[in-house]
Amino acid sequence: MILEVVIGVIVGGIPLSASLLFASLGEMFGQRSGVFNLGTEGIMMLSAFVGFYLVYLFGSPVLGIVAAMAVGGLMGLLMALVSVTFKAEQGISGIGLYMFGWGVSGTLFRVYVGGVTNIDGIGRIAVPVLKDIPVLGPILFNQNPLVYLAFLLVPVSSYVLFKTPWGLKVRAVGTTPQAADTLGVNVQRIRYQCVTLGGVMSGLAGAYLSIGQAQMFADNLTAGRGFIAVALVYFGRWKPSGVMWGALLFSMAHALQRSIQVYGIEFPYEIAVATPYLMVILVLALTYKERNVGPLALGKPYNREFRG
Amino acid sequence: MKRIFGGIMVLSLSLMVGTALFASGQAEATEDETVRIAVVIPSTIDDMAWSQAMYEGVLSVQRRLGEDKVQVDVSERLWNAVDAGSAIRQYASQGYDIVIAHGAQYQSLLDDIAPAFPEVTFAYGTGFRADHENVYAYDPHAQEGAYLLGIVAGMKTRSGIVGLVGPVESGDAIKYNQGFVQGVESVNSDAEVRVAYTGSFGDLVAAGEIAETHITAGADILTGSAQQTVGAIRVVDEYDGVYWLSTDMDQSSLAPQSVLVAQAYDFEAVVQQMIDNRERGVLGGSHLPLSFANGSLSLVWNDALASEVISPEIRENVETAMQMIIDGEIEIELQ
């Protein structure tokens, strides 16, 4: 039974991590530039609806994904407008964006769909040859294509953030925007780009949930995953690899608690369900000192008229 | 910036005032004999489960009596008690005759609000305590249909493993689970019922993940309760030879090849009873059960699928057990 549980945890945890990974990687770019977006949950929700709806209408998952990313990008742009140009308090604007996404997605769903309906989204695809590797093959190489994409984006994000001039500007803007500004970096433009990119990635996360994982839409589909994604950026210490391990750990913990319940292992289910969240809090608390690696200007609107 | 902000404030206030005037105009237009019913639900009217079952029950009453006789208004997504309390109080103060707070979690709110509005009928459920003269507690006997679904599961399973996707271990879910387990045990003592909870009522992705885990662990018959089950049904539908047993309402339209049978709640009878009692001057103070005996619970078979995969023996056993429940010969123990 132990082997079954272990395999179950890996098989169940990997797909669960994909939506978190998309959203967290996007949010990481925003936070690296100095803007945190608590509206990630709302972006995911509205994008999940739009993606679902286009598949429902036209039967094209690709169209659904592209539309979800576009909507996510627009909402990211809105967040950037409010938090970068208008210099609004980021936490409050994020919550506003969340409520906007939640309300609008539910209303549009009611008006244009009217009830819970399945769609033919994107299912699992087994990778030829690799899927035949004993034990690991069926676990790792029989996943939804978007899961492969999510993990592929980890090294890509790492490369962009740490090996390209643009990545250097992002890190500079998030750490010392005054210095970056003095050197000719357009702080506002970089922040706009990062927050919009975060929106696009959150849109992809929403599309994965509605088109890939659930293959349906219902009110509050994301159920708090957007907020977890924001926390995972802190958890992963603003590094793509850290975010990935955080997403995997959180997802595997979820899969473990499900297996504990399903296999009837004596353990209070309330504690099992809370374990992944407790774990995130614990790790955040234990890595308190290491958080200094984070962007120092995080959450602070930049105004070149004021120094200090 | 100040002008923009001021403009937004003026626009918002105008909208609020306009809406209030429109609403009061509607209220004045309402004739005295019209019964005004407000329903406060935790999810949405189209959740294919608990909330939709109540909404359809109220609409059935409205359709039967006429829209000029029954006015229905609904507030959705009121999971949390603070928002729900505000809505309930507003409906009561606007002169609604019946305010239905559709969830066990609203009981304490009604304990607080109901004494301040003695002319208004309040109702909540699942519950059995009606401590005020103007509060009803309606109580679907989820365990009764669950017992019958348990018989189907116990006789139908080939693997001997049955999976249950629960929301939170409380209220209706406990009754449902206990009835289901006893139903399985009554026909198949070797079968194992594995219970797992998502910790949420509405997280359909988590419900789908638990269903997946159950199936991977060998379950071939699954069931579960609350709004989230639609996610689990979608996953079950991916597997041949794996079936789902529904509760709250008929969910076969979601997966015609997987949903075998459903326990359906008929809230129409409950709402009608409230209206009838109100006409006699009784505003509450009692417990309104939904059971097979009073006809407000029913079993809805997905005949197209059941005719193929359910043997006459299973159906016969279910019908016999249903009659025994009605006659009081089967008592389902609830702890």
# chains A, B, ... in the order shown; residues from 1 in each chain; ligands from 1
$ interface_residues --of "chain B" --to "chain A" --cutoff "6 Å" --atoms "only C-alpha atoms" --output "ChimeraX atom specification"
/B:46,194,196,203,205
$ residues_around --residues "B:Gly163" --least-positions-apart "3" --cutoff "8 Å" --atoms "only C-alpha atoms" --output "JSON, numbers by chain"
{"A": [262], "B": [193, 194, 195, 196, 211, 214, 215, 219, 220, 221, 222, 223]}
$ write_last_selection --atoms "N, CA and C atoms" --output "PDB file, in the first residue's frame"
ATOM      1  N   VAL A 262      -8.247   8.494   1.438  1.00  0.00           N
ATOM      2  CA  VAL A 262      -8.802   7.449   0.575  1.00  0.00           C
ATOM      3  C   VAL A 262      -8.378   6.056   1.053  1.00  0.00           C
TER       4      VAL A 262
ATOM      5  N   VAL B 193     -16.145   0.885   2.041  1.00  0.00           N
ATOM      6  CA  VAL B 193     -16.510   2.260   1.648  1.00  0.00           C
ATOM      7  C   VAL B 193     -15.417   3.196   2.146  1.00  0.00           C
ATOM      8  N   ARG B 194     -14.759   3.848   1.219  1.00  0.00           N
ATOM      9  CA  ARG B 194     -13.665   4.758   1.574  1.00  0.00           C
ATOM     10  C   ARG B 194     -14.163   6.199   1.474  1.00  0.00           C
ATOM     11  N   VAL B 195     -14.006   6.916   2.558  1.00  0.00           N
ATOM     12  CA  VAL B 195     -14.524   8.285   2.620  1.00  0.00           C
ATOM     13  C   VAL B 195     -13.360   9.279   2.624  1.00  0.00           C
ATOM     14  N   ALA B 196     -13.457  10.293   1.774  1.00  0.00           N
ATOM     15  CA  ALA B 196     -12.444  11.365   1.782  1.00  0.00           C
ATOM     16  C   ALA B 196     -13.153  12.695   1.608  1.00  0.00           C
ATOM     17  N   ALA B 211     -11.920  12.184  -6.511  1.00  0.00           N
ATOM     18  CA  ALA B 211     -12.529  11.112  -7.304  1.00  0.00           C
ATOM     19  C   ALA B 211     -11.450  10.335  -8.058  1.00  0.00           C
ATOM     20  N   HIS B 214      -9.663   8.077  -5.661  1.00  0.00           N
ATOM     21  CA  HIS B 214     -10.508   6.913  -5.356  1.00  0.00           C
ATOM     22  C   HIS B 214     -10.415   5.870  -6.476  1.00  0.00           C
ATOM     23  N   ILE B 215     -10.551   6.351  -7.697  1.00  0.00           N
ATOM     24  CA  ILE B 215     -10.575   5.422  -8.844  1.00  0.00           C
ATOM     25  C   ILE B 215      -9.215   4.739  -8.987  1.00  0.00           C
ATOM     26  N   ALA B 219     -11.673   2.065  -6.611  1.00  0.00           N
ATOM     27  CA  ALA B 219     -13.125   2.245  -6.495  1.00  0.00           C
ATOM     28  C   ALA B 219     -13.775   2.217  -7.880  1.00  0.00           C
ATOM     29  N   ASP B 220     -14.911   1.545  -7.984  1.00  0.00           N
ATOM     30  CA  ASP B 220     -15.626   1.544  -9.264  1.00  0.00           C
ATOM     31  C   ASP B 220     -17.044   2.110  -9.139  1.00  0.00           C
ATOM     32  N   ILE B 221     -17.466   2.392  -7.919  1.00  0.00           N
ATOM     33  CA  ILE B 221     -18.721   3.115  -7.702  1.00  0.00           C
ATOM     34  C   ILE B 221     -18.396   4.279  -6.787  1.00  0.00           C
ATOM     35  N   LEU B 222     -18.817   5.479  -7.177  1.00  0.00           N
ATOM     36  CA  LEU B 222     -18.525   6.662  -6.362  1.00  0.00           C
ATOM     37  C   LEU B 222     -19.797   7.444  -6.087  1.00  0.00           C
ATOM     38  N   THR B 223     -19.769   8.151  -4.997  1.00  0.00           N
ATOM     39  CA  THR B 223     -20.864   9.045  -4.672  1.00  0.00           C
ATOM     40  C   THR B 223     -20.308  10.219  -3.880  1.00  0.00           C
TER      41      THR B 223
END
$ select_by_dssp --residues "stretch 198-298 of chain B" --states "strand (DSSP E)" --output "PyMOL selection string"
chain B and resi 221-224+243-246+259-265+287-290+297-298
$ write_last_selection --atoms "C-alpha atoms" --output "tab-separated table (two decimals), in the first residue's frame"
chain	number	residue	atom	x	y	z
B	221	ILE	CA	-18.72	3.12	-7.70
B	222	LEU	CA	-18.53	6.66	-6.36
B	223	THR	CA	-20.86	9.04	-4.67
B	224	GLY	CA	-20.71	12.31	-2.75
B	243	TYR	CA	-20.41	4.90	-12.02
B	244	TRP	CA	-21.67	7.79	-9.92
B	245	LEU	CA	-24.65	7.91	-7.56
B	246	SER	CA	-26.05	11.42	-7.01
B	259	VAL	CA	-24.72	8.78	-13.34
B	260	LEU	CA	-26.93	5.81	-12.50
B	261	VAL	CA	-29.46	7.16	-10.06
B	262	ALA	CA	-30.08	10.17	-7.84
B	263	GLN	CA	-31.76	10.99	-4.59
B	264	ALA	CA	-33.76	14.16	-5.33
B	265	TYR	CA	-35.10	16.65	-2.80
B	287	HIS	CA	-39.55	20.93	12.02
B	288	LEU	CA	-40.36	20.07	8.39
B	289	PRO	CA	-38.88	16.75	7.32
B	290	LEU	CA	-38.29	15.73	3.71
B	297	LEU	CA	-37.75	12.64	-1.34
B	298	SER	CA	-37.58	10.57	-4.49
$ select_by_dssp --residues "stretch 80-245 of chain A" --states "helix (DSSP H, G or I)" --output "ChimeraX atom specification"
/A:80-85,90-112,130-132,136-140,145-163,165-175,177-182,187-213,225-235,240-245
$ residues_around --residues "B:Asn317" --least-positions-apart "4" --cutoff "8 Å" --atoms "only C-alpha atoms" --output "ChimeraX atom specification"
/B:151,313,321
$ write_last_selection --atoms "all heavy atoms" --output "PDB file, in the first residue's frame"
ATOM      1  N   ILE B 151     -27.271   0.522  -1.283  1.00  0.00           N
ATOM      2  CA  ILE B 151     -27.654  -0.821  -1.768  1.00  0.00           C
ATOM      3  C   ILE B 151     -27.211  -0.998  -3.214  1.00  0.00           C
ATOM      4  O   ILE B 151     -26.638  -2.028  -3.597  1.00  0.00           O
ATOM      5  CB  ILE B 151     -29.186  -1.016  -1.635  1.00  0.00           C
ATOM      6  CG1 ILE B 151     -29.562  -1.104  -0.155  1.00  0.00           C
ATOM      7  CG2 ILE B 151     -29.647  -2.254  -2.386  1.00  0.00           C
ATOM      8  CD1 ILE B 151     -31.065  -1.161   0.100  1.00  0.00           C
ATOM      9  N   GLU B 313     -32.755  -7.384 -10.111  1.00  0.00           N
ATOM     10  CA  GLU B 313     -32.594  -7.755  -8.703  1.00  0.00           C
ATOM     11  C   GLU B 313     -32.211  -6.531  -7.851  1.00  0.00           C
ATOM     12  O   GLU B 313     -32.733  -6.329  -6.757  1.00  0.00           O
ATOM     13  CB  GLU B 313     -31.507  -8.823  -8.591  1.00  0.00           C
ATOM     14  CG  GLU B 313     -31.380  -9.412  -7.205  1.00  0.00           C
ATOM     15  CD  GLU B 313     -30.076 -10.199  -7.040  1.00  0.00           C
ATOM     16  OE1 GLU B 313     -29.311 -10.310  -8.023  1.00  0.00           O
ATOM     17  OE2 GLU B 313     -29.830 -10.656  -5.915  1.00  0.00           O
ATOM     18  N   ALA B 321     -36.481  -1.964  -0.059  1.00  0.00           N
ATOM     19  CA  ALA B 321     -35.894  -1.209   1.060  1.00  0.00           C
ATOM     20  C   ALA B 321     -36.587   0.144   1.216  1.00  0.00           C
ATOM     21  O   ALA B 321     -36.822   0.609   2.340  1.00  0.00           O
ATOM     22  CB  ALA B 321     -34.401  -1.019   0.831  1.00  0.00           C
TER      23      ALA B 321
END
$ residues_around --residues "stretch 90-104 of chain B" --least-positions-apart "4" --cutoff "8 Å" --atoms "only C-alpha atoms" --output "ChimeraX atom specification"
/B:35-42,51,54,86,117,119-127,171
$ atom_distance --atom1 "atom CA of A:Met201" --atom2 "atom CA of A:Gly26"
5.0 Å
$ closest_residue --among "A:Leu21, A:Val147, A:Ile2, A:Leu130" --to "A:Ser202" --atoms "only C-alpha atoms"
A:Leu21
$ residues_around --residues "stretch 94-96 of chain A" --least-positions-apart "2" --cutoff "6 Å" --atoms "only C-alpha atoms" --output "JSON, numbers by chain"
{"A": [37, 38, 39, 90, 91, 92, 98, 99]}
$ residues_around --residues "stretch 149-164 of chain A" --least-positions-apart "2" --cutoff "8 Å" --atoms "only C-alpha atoms" --output "VMD selection string"
chain A and resid 18 to 19 21 to 22 25 145 to 147 166 to 168 170 to 171 239 to 241 244
$ atom_distance --atom1 "atom CA of B:Phe292" --atom2 "atom CA of B:Glu268"
14.3 Å
$ atom_distance --atom1 "atom CA of B:Ala207" --atom2 "atom CA of B:Ile233"
8.8 Å
